[in-house]
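Here's run.cif, which has mmCIF, C-alpha atoms (C1' of nucleotides):
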data_protein
loop_
_atom_site.label_atom_id
_atom_site.label_comp_id
_atom_site.auth_asym_id
_atom_site.auth_seq_id
_atom_site.Cartn_x
_atom_site.Cartn_y
_atom_site.Cartn_z
CA MET A 1 23.26 54.17 -42.91
CA SER A 2 23.84 50.71 -41.47
CA ALA A 3 21.89 49.48 -38.44
CA PRO A 4 23.13 51.02 -35.20
CA ILE A 5 25.34 48.87 -32.98
CA ARG A 6 23.75 47.79 -29.71
CA ARG A 7 25.15 49.96 -26.91
CA ILE A 8 24.10 49.31 -23.33
CA ALA A 9 25.23 51.36 -20.33
CA HIS A 10 25.37 50.40 -16.69
CA LEU A 11 25.37 53.34 -14.30
CA ASP A 12 26.35 52.85 -10.69
CA MET A 13 26.25 55.65 -8.12
CA ASP A 14 29.55 55.93 -6.21
CA ALA A 15 29.29 54.91 -2.52
CA PHE A 16 25.70 56.06 -2.77
CA TYR A 17 24.44 56.14 0.84
CA ALA A 18 27.70 57.57 2.13
CA SER A 19 27.81 60.21 -0.61
CA VAL A 20 24.26 61.33 0.22
CA GLU A 21 25.27 61.64 3.87
CA LEU A 22 28.30 63.77 2.89
CA LEU A 23 25.92 66.20 1.16
CA ARG A 24 24.31 66.79 4.57
CA TYR A 25 27.51 66.69 6.56
CA PRO A 26 30.21 68.26 4.36
CA GLN A 27 32.45 68.50 7.42
CA LEU A 28 32.95 64.71 7.12
CA LYS A 29 34.47 64.88 3.63
CA GLY A 30 37.69 62.88 3.39
CA LEU A 31 37.10 61.11 6.70
CA PRO A 32 36.36 57.40 7.12
CA VAL A 33 32.58 57.18 7.42
CA VAL A 34 30.42 54.06 7.43
CA ILE A 35 26.66 53.75 7.17
CA GLY A 36 24.86 50.99 8.99
CA GLY A 37 23.66 49.66 12.28
CA GLY A 38 20.87 51.52 13.93
CA ARG A 39 21.13 52.39 17.60
CA ARG A 40 18.20 54.33 18.84
CA ALA A 41 20.16 56.20 21.51
CA ALA A 42 22.92 57.36 19.17
CA ASP A 43 20.44 58.29 16.45
CA GLU A 44 18.49 60.42 18.87
CA ALA A 45 21.61 62.13 20.12
CA LEU A 46 22.51 62.99 16.54
CA ARG A 47 19.04 64.31 15.85
CA ALA A 48 19.18 66.51 18.94
CA LEU A 49 22.48 67.97 17.70
CA GLN A 50 20.94 68.64 14.29
CA ASP A 51 18.10 70.58 15.84
CA GLU A 52 20.49 72.55 17.98
CA ARG A 53 23.24 73.52 15.52
CA GLY A 54 22.03 72.64 12.03
CA LEU A 55 23.43 69.73 10.01
CA ALA A 56 26.65 71.32 8.85
CA GLY A 57 27.25 72.88 12.27
CA ILE A 58 27.79 69.62 14.10
CA PRO A 59 31.46 69.34 15.02
CA VAL A 60 33.26 66.26 13.77
CA GLU A 61 34.02 65.16 17.35
CA ALA A 62 30.33 65.01 18.17
CA PHE A 63 29.55 62.22 15.68
CA PRO A 64 29.22 58.63 16.90
CA VAL A 65 32.22 56.42 16.08
CA LEU A 66 32.53 52.70 15.45
CA ARG A 67 34.57 52.22 18.63
CA ASP A 68 31.48 52.89 20.76
CA TYR A 69 29.16 50.61 18.84
CA THR A 70 27.61 47.51 20.36
CA GLY A 71 25.05 45.61 18.35
CA ARG A 72 24.45 43.25 15.45
CA GLY A 73 24.43 45.63 12.49
CA VAL A 74 26.45 45.45 9.29
CA ILE A 75 27.97 48.11 7.06
CA THR A 76 25.78 49.00 4.10
CA THR A 77 28.20 51.54 2.59
CA ALA A 78 31.63 52.92 3.43
CA THR A 79 33.31 56.06 2.10
CA TYR A 80 36.46 55.55 0.04
CA ALA A 81 38.48 56.86 2.98
CA ALA A 82 37.02 54.10 5.16
CA ARG A 83 37.64 51.43 2.52
CA GLN A 84 41.38 52.12 2.90
CA PHE A 85 41.09 50.37 6.26
CA GLY A 86 39.56 47.27 4.72
CA VAL A 87 36.01 47.94 5.81
CA GLY A 88 33.21 47.66 3.27
CA SER A 89 29.68 46.49 2.57
CA ALA A 90 28.25 43.54 4.52
CA LEU A 91 31.03 43.55 7.12
CA GLY A 92 29.75 43.27 10.70
CA LEU A 93 30.08 46.56 12.56
CA MET A 94 31.75 44.96 15.57
CA LYS A 95 34.37 43.49 13.28
CA ALA A 96 34.75 46.78 11.41
CA ALA A 97 35.31 48.56 14.73
CA ARG A 98 38.51 46.56 15.21
CA LEU A 99 39.80 47.56 11.77
CA CYS A 100 38.90 51.23 11.98
CA PRO A 101 37.67 52.23 15.46
CA GLN A 102 37.77 55.96 14.69
CA ALA A 103 35.42 55.68 11.67
CA ILE A 104 32.28 57.75 11.99
CA LEU A 105 29.11 55.67 12.05
CA LEU A 106 25.89 57.11 10.65
CA PRO A 107 22.49 55.43 10.79
CA VAL A 108 20.79 54.37 7.54
CA ASP A 109 18.23 56.89 6.30
CA PHE A 110 16.38 55.18 3.43
CA ASP A 111 13.92 57.99 2.90
CA GLU A 112 16.75 60.38 2.12
CA TYR A 113 18.46 57.91 -0.24
CA ARG A 114 15.17 57.22 -2.03
CA LYS A 115 14.75 60.95 -2.60
CA TYR A 116 18.13 61.18 -4.36
CA SER A 117 17.44 57.91 -6.15
CA ARG A 118 14.30 59.33 -7.74
CA LEU A 119 16.16 62.51 -8.61
CA PHE A 120 19.07 60.90 -10.46
CA LYS A 121 16.77 58.48 -12.30
CA ALA A 122 14.48 61.29 -13.43
CA THR A 123 17.55 63.15 -14.69
CA ILE A 124 18.64 60.16 -16.76
CA LEU A 125 15.13 59.65 -18.19
CA GLU A 126 15.12 63.19 -19.52
CA ILE A 127 18.14 62.27 -21.64
CA ALA A 128 17.63 58.59 -22.40
CA PRO A 129 14.09 57.12 -22.19
CA LEU A 130 15.03 53.41 -22.09
CA MET A 131 16.14 52.82 -18.51
CA GLU A 132 15.94 49.73 -16.31
CA ASP A 133 15.72 50.25 -12.56
CA ARG A 134 18.10 47.92 -10.72
CA GLY A 135 17.55 49.14 -7.21
CA VAL A 136 18.21 52.33 -5.35
CA ASP A 137 21.65 53.14 -6.76
CA GLU A 138 22.01 51.59 -10.21
CA VAL A 139 20.35 51.39 -13.62
CA TYR A 140 20.88 50.05 -17.11
CA ILE A 141 20.35 52.44 -20.02
CA ASP A 142 19.91 51.53 -23.68
CA PHE A 143 22.13 53.97 -25.60
CA THR A 144 21.53 52.41 -29.01
CA GLU A 145 18.98 54.84 -30.43
CA VAL A 146 19.73 57.85 -28.23
CA PRO A 147 21.35 60.86 -29.97
CA GLY A 148 25.07 60.72 -29.23
CA GLY A 149 24.74 57.14 -27.97
CA GLN A 150 27.08 55.84 -30.68
CA ARG A 151 29.71 58.58 -30.58
CA GLU A 152 33.03 57.30 -29.27
CA GLY A 153 31.26 54.04 -28.44
CA GLY A 154 28.88 55.80 -26.07
CA ARG A 155 31.44 57.85 -24.17
CA VAL A 156 29.95 61.18 -25.26
CA LEU A 157 26.48 60.33 -23.98
CA ALA A 158 27.92 58.80 -20.81
CA ARG A 159 29.76 62.07 -20.09
CA LEU A 160 26.59 64.05 -20.69
CA ILE A 161 24.59 61.87 -18.26
CA GLN A 162 27.32 61.91 -15.66
CA LYS A 163 27.43 65.70 -15.73
CA ALA A 164 23.63 66.06 -15.66
CA VAL A 165 23.39 63.75 -12.64
CA PHE A 166 26.12 65.67 -10.82
CA ASP A 167 24.61 69.07 -11.62
CA ARG A 168 21.22 67.97 -10.33
CA THR A 169 22.26 65.95 -7.27
CA GLY A 170 25.85 66.80 -6.40
CA LEU A 171 26.61 63.07 -6.62
CA THR A 172 29.07 61.22 -8.81
CA CYS A 173 28.52 57.97 -10.64
CA SER A 174 30.48 55.52 -12.75
CA ILE A 175 29.31 54.32 -16.15
CA GLY A 176 30.27 51.36 -18.29
CA VAL A 177 29.15 51.17 -21.92
CA ALA A 178 29.32 47.86 -23.78
CA PRO A 179 27.48 45.67 -26.29
CA ASN A 180 25.26 44.18 -23.53
CA LYS A 181 24.22 44.37 -19.88
CA LEU A 182 26.64 41.70 -18.70
CA ILE A 183 29.74 43.49 -20.00
CA ALA A 184 28.39 46.96 -19.16
CA LYS A 185 27.99 45.88 -15.53
CA MET A 186 31.62 44.78 -15.36
CA ALA A 187 32.79 47.89 -17.21
CA SER A 188 31.18 50.30 -14.74
CA GLU A 189 33.61 48.94 -12.12
CA PHE A 190 36.72 49.66 -14.18
CA ASN A 191 37.09 53.35 -13.36
CA LYS A 192 35.38 53.90 -10.04
CA PRO A 193 34.69 56.47 -8.71
CA ASN A 194 33.41 59.05 -11.18
CA GLY A 195 34.69 57.12 -14.18
CA ILE A 196 33.57 56.07 -17.61
CA SER A 197 34.75 53.02 -19.50
CA VAL A 198 33.81 51.84 -22.92
CA VAL A 199 34.17 48.22 -23.97
CA HIS A 200 33.75 46.95 -27.51
CA GLU A 201 33.17 43.42 -28.69
CA ALA A 202 36.79 43.21 -29.82
CA ASP A 203 38.00 44.00 -26.28
CA LEU A 204 36.69 40.74 -24.84
CA GLN A 205 40.01 38.93 -24.70
CA SER A 206 42.12 41.86 -23.53
CA LEU A 207 39.74 43.46 -20.99
CA ILE A 208 37.31 40.76 -19.84
CA TRP A 209 39.14 37.45 -19.97
CA PRO A 210 41.84 38.42 -17.43
CA LEU A 211 39.15 39.19 -14.79
CA ALA A 212 38.23 36.79 -11.99
CA CYS A 213 35.11 34.68 -12.62
CA ARG A 214 33.56 36.26 -9.53
CA ARG A 215 33.23 39.53 -11.47
CA ILE A 216 30.47 38.02 -13.57
CA ASN A 217 27.14 39.17 -12.20
CA GLY A 218 25.55 35.88 -11.19
CA ILE A 219 28.68 34.02 -10.08
CA GLY A 220 28.70 34.25 -6.31
CA PRO A 221 30.87 32.76 -3.57
CA LYS A 222 29.58 29.19 -4.00
CA ALA A 223 29.98 28.96 -7.75
CA ASP A 224 33.35 30.69 -7.49
CA GLU A 225 34.59 28.18 -4.95
CA LYS A 226 33.52 25.29 -7.11
CA LEU A 227 35.19 26.83 -10.15
CA ALA A 228 38.39 27.30 -8.18
CA ARG A 229 38.36 23.61 -7.22
CA LEU A 230 38.23 22.88 -10.96
CA HIS A 231 41.23 25.20 -11.47
CA ILE A 232 39.15 27.84 -13.21
CA HIS A 233 40.00 31.30 -11.92
CA THR A 234 39.61 33.83 -14.71
CA ILE A 235 36.83 34.43 -17.18
CA GLY A 236 39.34 33.39 -19.85
CA ASP A 237 39.77 30.03 -18.06
CA LEU A 238 36.01 29.69 -18.12
CA ALA A 239 35.78 30.56 -21.82
CA ALA A 240 38.35 27.85 -22.56
CA GLN A 241 35.97 25.14 -21.32
CA SER A 242 33.51 23.52 -23.65
CA ARG A 243 29.81 24.07 -23.18
CA GLU A 244 29.36 20.31 -22.63
CA TRP A 245 31.96 20.21 -19.90
CA LEU A 246 30.38 23.16 -18.08
CA ILE A 247 26.92 21.59 -18.33
CA GLU A 248 28.35 18.36 -16.94
CA HIS A 249 29.65 20.16 -13.86
CA PHE A 250 27.05 22.89 -13.28
CA GLY A 251 23.83 21.57 -14.78
CA LYS A 252 22.02 22.38 -17.96
CA ALA A 253 20.89 25.95 -17.29
CA THR A 254 23.87 27.25 -15.30
CA GLY A 255 26.47 25.51 -17.45
CA ALA A 256 25.07 26.90 -20.68
CA TRP A 257 24.73 30.36 -19.15
CA MET A 258 28.33 30.31 -17.90
CA HIS A 259 29.52 29.43 -21.37
CA GLU A 260 27.61 32.35 -22.90
CA ALA A 261 28.74 34.77 -20.20
CA ALA A 262 32.42 33.84 -20.47
CA ASN A 263 32.24 34.51 -24.19
CA GLY A 264 30.66 37.90 -23.62
CA ARG A 265 27.26 36.97 -24.98
CA ASP A 266 24.09 38.29 -23.35
CA ASP A 267 20.94 39.32 -25.19
CA ARG A 268 18.74 40.30 -22.24
CA PRO A 269 16.82 43.46 -23.13
CA VAL A 270 16.77 46.57 -20.96
CA ALA A 271 13.50 45.98 -19.05
CA LEU A 272 11.52 49.17 -18.60
CA GLU A 273 8.80 47.89 -16.26
CA SER A 274 8.56 45.08 -13.76
CA GLU A 275 5.93 43.98 -11.25
CA PRO A 276 6.95 42.84 -7.78
CA VAL A 277 6.66 39.12 -6.99
CA SER A 278 6.69 39.41 -3.22
CA ILE A 279 6.85 41.97 -0.44
CA SER A 280 8.27 41.21 3.00
CA ARG A 281 9.29 42.60 6.37
CA GLU A 282 11.83 41.09 8.70
CA THR A 283 13.72 42.05 11.80
CA THR A 284 16.77 40.86 13.69
CA PHE A 285 16.27 41.14 17.44
CA ASP A 286 18.65 43.03 19.72
CA ARG A 287 19.12 39.75 21.58
CA ASP A 288 18.08 36.20 20.72
CA LEU A 289 14.55 35.43 21.82
CA HIS A 290 12.97 32.20 22.98
CA ALA A 291 9.51 31.21 21.75
CA VAL A 292 8.36 30.26 25.23
CA ARG A 293 10.31 32.49 27.59
CA ASP A 294 9.94 35.61 25.42
CA ARG A 295 6.48 34.78 24.19
CA ALA A 296 4.91 38.19 24.75
CA GLU A 297 7.77 40.11 23.17
CA LEU A 298 7.91 37.83 20.13
CA GLY A 299 4.16 37.93 19.70
CA ALA A 300 4.18 41.73 19.71
CA ILE A 301 7.03 41.86 17.16
CA PHE A 302 5.24 39.30 15.00
CA THR A 303 2.01 41.29 14.97
CA ALA A 304 3.86 44.55 14.30
CA LEU A 305 5.66 42.97 11.30
CA CYS A 306 2.32 41.80 9.87
CA GLU A 307 0.80 45.24 10.33
CA LYS A 308 3.73 46.98 8.64
CA LEU A 309 3.60 44.47 5.79
CA ALA A 310 -0.13 45.02 5.34
CA GLY A 311 0.53 48.76 5.29
CA ASP A 312 3.22 48.32 2.61
CA LEU A 313 0.87 46.25 0.46
CA GLN A 314 -2.00 48.69 0.80
CA ARG A 315 0.16 51.72 0.14
CA LYS A 316 1.59 50.13 -3.00
CA GLY A 317 -1.79 48.78 -4.12
CA TYR A 318 -1.01 45.04 -4.08
CA VAL A 319 -2.67 41.96 -2.66
CA GLY A 320 -1.21 38.48 -2.41
CA LYS A 321 -2.29 34.97 -1.53
CA THR A 322 0.86 33.18 -0.44
CA ILE A 323 1.73 34.11 3.14
CA GLY A 324 5.07 33.00 4.51
CA ILE A 325 7.38 33.31 7.48
CA LYS A 326 11.13 33.18 7.80
CA LEU A 327 13.05 32.34 10.95
CA ARG A 328 16.71 32.51 11.76
CA TYR A 329 17.94 30.58 14.79
CA ASP A 330 20.76 31.63 17.10
CA ASP A 331 23.15 29.43 15.08
CA PHE A 332 22.22 31.49 11.98
CA LYS A 333 20.47 28.58 10.33
CA GLY A 334 17.12 29.50 8.84
CA VAL A 335 13.83 27.96 7.84
CA THR A 336 10.84 29.16 5.85
CA ARG A 337 7.21 28.05 5.75
CA ASP A 338 4.45 29.34 3.56
CA GLN A 339 0.82 28.74 2.87
CA THR A 340 -1.38 29.74 -0.02
CA ILE A 341 -4.88 30.89 0.92
CA ALA A 342 -8.07 30.98 -1.13
CA HIS A 343 -8.25 34.75 -1.59
CA TYR A 344 -5.92 37.61 -2.31
CA THR A 345 -5.40 39.81 0.70
CA ALA A 346 -3.59 42.82 2.11
CA ASP A 347 -5.31 42.56 5.46
CA ALA A 348 -3.14 42.59 8.60
CA LYS A 349 -5.35 40.17 10.53
CA THR A 350 -5.50 37.65 7.69
CA ILE A 351 -1.73 37.85 7.23
CA ARG A 352 -1.20 37.50 10.98
CA HIS A 353 -3.50 34.50 11.17
CA THR A 354 -1.96 32.63 8.22
CA ALA A 355 1.60 33.47 9.25
CA GLY A 356 0.66 32.17 12.71
CA LEU A 357 -0.31 28.83 11.18
CA CYS A 358 3.04 28.72 9.38
CA LEU A 359 4.83 29.38 12.65
CA LYS A 360 3.12 26.37 14.22
CA ARG A 361 4.80 24.11 11.66
CA VAL A 362 8.30 25.11 12.65
CA PRO A 363 10.54 23.84 15.48
CA LEU A 364 10.69 26.45 18.23
CA ALA A 365 12.95 24.90 20.85
CA GLN A 366 16.01 26.87 19.75
CA ARG A 367 16.36 30.59 20.32
CA LEU A 368 15.62 32.94 17.45
CA ARG A 369 17.58 35.92 16.15
CA LEU A 370 15.31 36.89 13.23
CA LEU A 371 11.66 36.77 12.31
CA GLY A 372 10.22 37.74 8.93
CA VAL A 373 6.84 37.75 7.21
CA ARG A 374 6.29 37.65 3.46
CA VAL A 375 3.39 37.94 1.05
CA GLY A 376 3.87 36.50 -2.42
CA SER A 377 1.84 35.64 -5.55
CA LEU A 378 1.10 39.34 -5.79
CA LEU A 379 -1.51 40.96 -7.95
CA LYS A 380 -2.57 44.58 -8.33
CA ALA A 381 -5.51 45.08 -5.97
CA ALA A 382 -7.76 46.14 -8.86
CA GLU A 383 -6.89 43.06 -10.92
CA ALA A 384 -7.58 40.77 -7.99
CA ARG A 385 -10.97 42.40 -7.45
CA GLU A 386 -11.88 41.75 -11.05
CA LEU A 387 -10.59 38.20 -10.89
CA GLU A 388 -12.57 37.40 -7.74
CA SER A 389 -15.68 39.45 -8.55
CA ASN A 390 -17.89 36.42 -9.23
CA VAL A 391 -16.54 33.97 -6.74
CA PRO A 392 -18.73 31.20 -5.25
CA VAL A 393 -20.40 32.04 -1.90
CA ALA A 394 -18.82 29.14 0.00
CA HIS A 395 -15.34 30.65 -0.40
CA THR A 396 -16.45 33.98 1.00
CA VAL A 397 -17.70 32.24 4.13
CA SER A 398 -14.38 30.48 4.72
CA THR A 399 -12.58 33.84 4.64
CA HIS A 400 -14.78 35.14 7.44
CA LEU A 401 -14.13 32.02 9.48
CA ALA A 402 -10.40 32.46 9.01
CA THR A 403 -10.45 36.07 10.14
CA ASP A 404 -12.59 35.23 13.13
CA SER A 405 -10.11 32.73 14.50
CA ILE A 406 -7.39 35.36 15.00
CA ALA A 407 -8.05 35.28 18.74
CA ALA A 408 -6.92 31.66 18.89
CA THR A 409 -3.62 32.46 17.14
CA ASP A 410 -2.90 35.26 19.57
CA GLN A 411 -2.24 32.61 22.18
CA LEU A 412 0.51 31.14 20.10
CA PHE A 413 3.33 32.53 22.18
"C1'" DT B 1 32.12 40.05 19.47
"C1'" DC B 2 30.67 37.43 13.84
"C1'" DT B 3 26.99 37.83 10.01
"C1'" DG B 4 20.84 43.73 7.97
"C1'" DG B 5 16.80 44.09 5.20
"C1'" DG B 6 15.00 44.00 1.28
"C1'" DG B 7 14.35 41.29 -3.16
"C1'" DT B 8 14.71 37.64 -7.59
"C1'" DC B 9 15.19 33.26 -9.69
"C1'" DC B 10 16.08 28.27 -9.78
"C1'" DT B 11 15.55 23.45 -8.36
"C1'" DA B 12 13.21 19.54 -6.87
"C1'" DG B 13 9.65 16.62 -5.09
"C1'" DG B 14 4.79 15.65 -4.36
"C1'" DA B 15 -0.13 16.34 -5.40
"C1'" DC B 16 -3.36 16.31 -8.73
"C1'" DC B 17 -5.33 16.49 -13.30
"C1'" DC B 18 -5.75 15.03 -18.12
"C1'" DT C 1 -4.70 -6.76 -13.18
"C1'" DC C 2 -0.25 -2.58 -16.44
"C1'" DT C 3 2.04 1.14 -18.15
"C1'" DG C 4 2.91 6.08 -19.48
"C1'" DG C 5 3.80 11.02 -19.66
"C1'" DG C 6 2.93 16.07 -19.57
"C1'" DG C 7 1.44 20.22 -17.16
"C1'" DT C 8 0.54 23.10 -13.24
"C1'" DC C 9 0.42 24.36 -8.53
"C1'" DC C 10 2.38 24.24 -4.02
"C1'" DT C 11 6.18 24.13 -0.76
"C1'" DA C 12 11.18 24.40 1.06
"C1'" DG C 13 15.60 25.62 0.48
"C1'" DG C 14 19.46 27.88 -1.52
"C1'" DA C 15 22.27 31.00 -4.43
"C1'" DC C 16 22.70 35.45 -5.60
"C1'" DC C 17 22.10 40.60 -5.91
"C1'" DC C 18 21.58 45.58 -4.16
#
Render the structure in this file as C-alpha cells.
Amino acid sequence: MSAPIRRIAHLDMDAFYASVELLRYPQLKGLPVVIGGGRRAADEALRALQDERGLAGIPVEAFPVLRDYTGRGVITTATYAARQFGVGSALGLMKAARLCPQAILLPVDFDEYRKYSRLFKATILEIAPLMEDRGVDEVYIDFTEVPGGQREGGRVLARLIQKAVFDRTGLTCSIGVAPNKLIAKMASEFNKPNGISVVHEADLQSLIWPLACRRINGIGPKADEKLARLHIHTIGDLAAQSREWLIEHFGKATGAWMHEAANGRDDRPVALESEPVSISRETTFDRDLHAVRDRAELGAIFTALCEKLAGDLQRKGYVGKTIGIKLRYDDFKGVTRDQTIAHYTADAKTIRHTAGLCLKRVPLAQRLRLLGVRVGSLLKAAEARELESNVPVAHTVSTHLATDSIAATDQLF
DNA sequence: TCTGGGGTCCTAGGACCC
DNA sequence: TCTGGGGTCCTAGGACCC
C-alpha cells in the first residue's frame, strides 16, 4: 500500500442560526427570516407568546417583522428565502427593512446555537477524531487516516458525516473535501446548501482558477480592491503573477502567501487544540453618548462591561495582564488603548481601574457609539499562580495600591 | 436611516537590554 | 569622542474571519 493521500474536509453548517430557529418555529419554514438586532420589547413580546401558546403554536402573523424595526443592529444570518431579496449577513437591519420589509426578524439566541454547535461537533468526533474548531458553525476535519476517508476522494465519508449530523440535530451542512484546508474551504461553498464537493489536485485549473480572488480565505475587501486595480480578478490571474512581483506589491509575507494560495498550496495542519489569546466584551449604545453629558450612564455601562468580562475570565479559568479599551466615535472611527500590568488578573475592580486609566488617554470630546473592554496576554489561572508563586514582596504591595485607588477612577465620568 | 460582537494575526516604531 | 546589530516587550492600528 502506498502512503495515503492527504484529504482535508471543511464542513459548514447551512444558515446555521436561522436553521436552528426553524427547528423551534417550523411554521416559518420557507419564509424570509433574518436573525439579528435585539430589541428588548419585541423579544419580551415573543417570549410571552411562547409561554402562552408553545413555540410551534405562535401564528406567523404574530412574529416581529423587519418593517417595524428601529435600531442599530445588523443581520447575522438570513434564511435562503430571505437571501432571494438580497439581504444577508452584516447588512444593517434598517437597510434590510427596505429590501424585504415583510421578513420575520428573530433575536439572536447564542445559548441555543451553542447547544447545537456542541451537538454537531460531538457527532463528527465520534466518526473522525481529528477536528479543528473554527467557530460556532464550521470545522475542518482530517479525513486522511479515517476509514472511508479516501473512498471516492472523501465523498463516502462526507456523506456519512452529513447524514449523522442531520440525524442527530435535524440540521444540514455542506462539506468540501480537498488536498488542504484552503481548497476545502472554497469547495464547501460549491454546493450549498446540503451539498458535498470533492476537489483533487488536478482540478486546480478547472475549478479553482476561474474563481474570484475574494474567494480565498484571507483576501478581504482591501486586498481585493488593490488586486482589481492591478487588473487581477480571478485566482488564475493571481497564479499567473510571479512570486517576486506579488512580493513587490504586497510585501514579503502576504505576497509569498498569495502566490502559494493561488497555486493551491497550503500545508497548515488541522489544529486540534488552541488557547485563547484575548477575551473581550463590547457594546454599541442605543444612542450615541457623550463622555461629559452622559457621564453616569457611560460609567455604569463601563463598570458592567468590566464585571461581565471578569466573570467570563473566571468562568473559563483564565487570567490576563494586558487590559485594553476600544472606543468607536459617532463617525464610526475607532481607537484602542491598552496597558500591561505587573500581575495576571481576572478581578473586576483591577480591570475596571486599569481600563479607566486607558480611557483617560483617549480624546473624549466626540460622542461615542461603542465601548469595549479587553483582557489579553492570557494564561490559565493555575499556570499564572505557579508562575507568580515566588514573586517579590514589593510587587504584591503595588497591586493592593492599584486596587485601592478604584474610588478615584469612579469619578472619571 | 447606514454599519454587532466576538475573535486572530500582522506590522511598525520605540524602549530597553546584551 | 564612533559605530553596530539582534532580540524581546509594549503599544496602536488595521485587515480579516465567523
Select from chain C every residue with an atom at most 8 Å from any atom of chain A, then for each give the shortest pair of atoms and their distance in Å to one decimal, using only C-alpha atoms (C1' of nucleotides), rows by chain and rising number, as CSV.
residue,atom,partner,partner_atom,distance
C:DC10,C1',A:Thr340,CA,7.8
C:DT11,C1',A:Asp338,CA,7.0
C:DA12,C1',A:Thr336,CA,6.8
C:DG13,C1',A:Val335,CA,7.9
C:DA15,C1',A:Gly220,CA,7.4
C:DC16,C1',A:Gly220,CA,6.2
C:DC17,C1',A:Gly218,CA,7.9
C:DC18,C1',A:Gly135,CA,6.2
ask   = Do you know which residues the PyMOL selection byres ((chain B and resi 3) around 10) returns on this file, as a PyMOL selection string?
value = (chain A and resi 72-74+90-93+95+332) or (chain B and resi 2+4)
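Computed from the coordinates, the atom CA of A:Thr79 to atom CA of A:Arg67 distance equals 17.0 Å.
The coordinates place atom CA of A:Ile196 at 17.0 Å from atom CA of A:Thr144.
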task = Report the distance between atom CA of A:Pro4 and atom CA of A:Arg265 in Å, rounded to one decimal place.
result = 17.9 Å
key: Ground truth for the PyMOL selection byres ((chain A and resi 163-176) around 10), written as a ChimeraX atom specification   = /A:8-16,19-20,22-23,116-117,119-124,126-127,137-141,154-155,157-162,177-178,181,183-199
Check what the PyMOL selection byres ((chain A and resi 33-38) around 7) selects in the file above and give those residues as a JSON list (two decimals) with C-alpha atoms, in the frame of the given file.
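Output saved as out.json:
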[["chain", "number", "residue", "atom", "x", "y", "z"],
["A", 18, "ALA", "CA", 27.70, 57.57, 2.13],
["A", 31, "LEU", "CA", 37.10, 61.11, 6.70],
["A", 32, "PRO", "CA", 36.36, 57.40, 7.12],
["A", 39, "ARG", "CA", 21.13, 52.39, 17.60],
["A", 40, "ARG", "CA", 18.20, 54.33, 18.84],
["A", 73, "GLY", "CA", 24.43, 45.63, 12.49],
["A", 74, "VAL", "CA", 26.45, 45.45, 9.29],
["A", 75, "ILE", "CA", 27.97, 48.11, 7.06],
["A", 76, "THR", "CA", 25.78, 49.00, 4.10],
["A", 77, "THR", "CA", 28.20, 51.54, 2.59],
["A", 78, "ALA", "CA", 31.63, 52.92, 3.43],
["A", 79, "THR", "CA", 33.31, 56.06, 2.10],
["A", 82, "ALA", "CA", 37.02, 54.10, 5.16],
["A", 103, "ALA", "CA", 35.42, 55.68, 11.67],
["A", 104, "ILE", "CA", 32.28, 57.75, 11.99],
["A", 105, "LEU", "CA", 29.11, 55.67, 12.05],
["A", 106, "LEU", "CA", 25.89, 57.11, 10.65],
["A", 107, "PRO", "CA", 22.49, 55.43, 10.79],
["A", 108, "VAL", "CA", 20.79, 54.37, 7.54]]
inquiry  = Excluding B:DG5 and its own-chain neighbours fewer than 3 positions away, which residues fall within 10 Å of it when counting only C-alpha atoms (C1' of nucleotides)? Please give them as an MDAnalysis selection string.
reply    = chainID A and resid 280:284 372
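With distances taken over all atoms listed in the file, A:Glu21 is the one residue among A:Glu21, A:Glu44, A:Glu225, A:Asp203 lying closest to A:Asp111.
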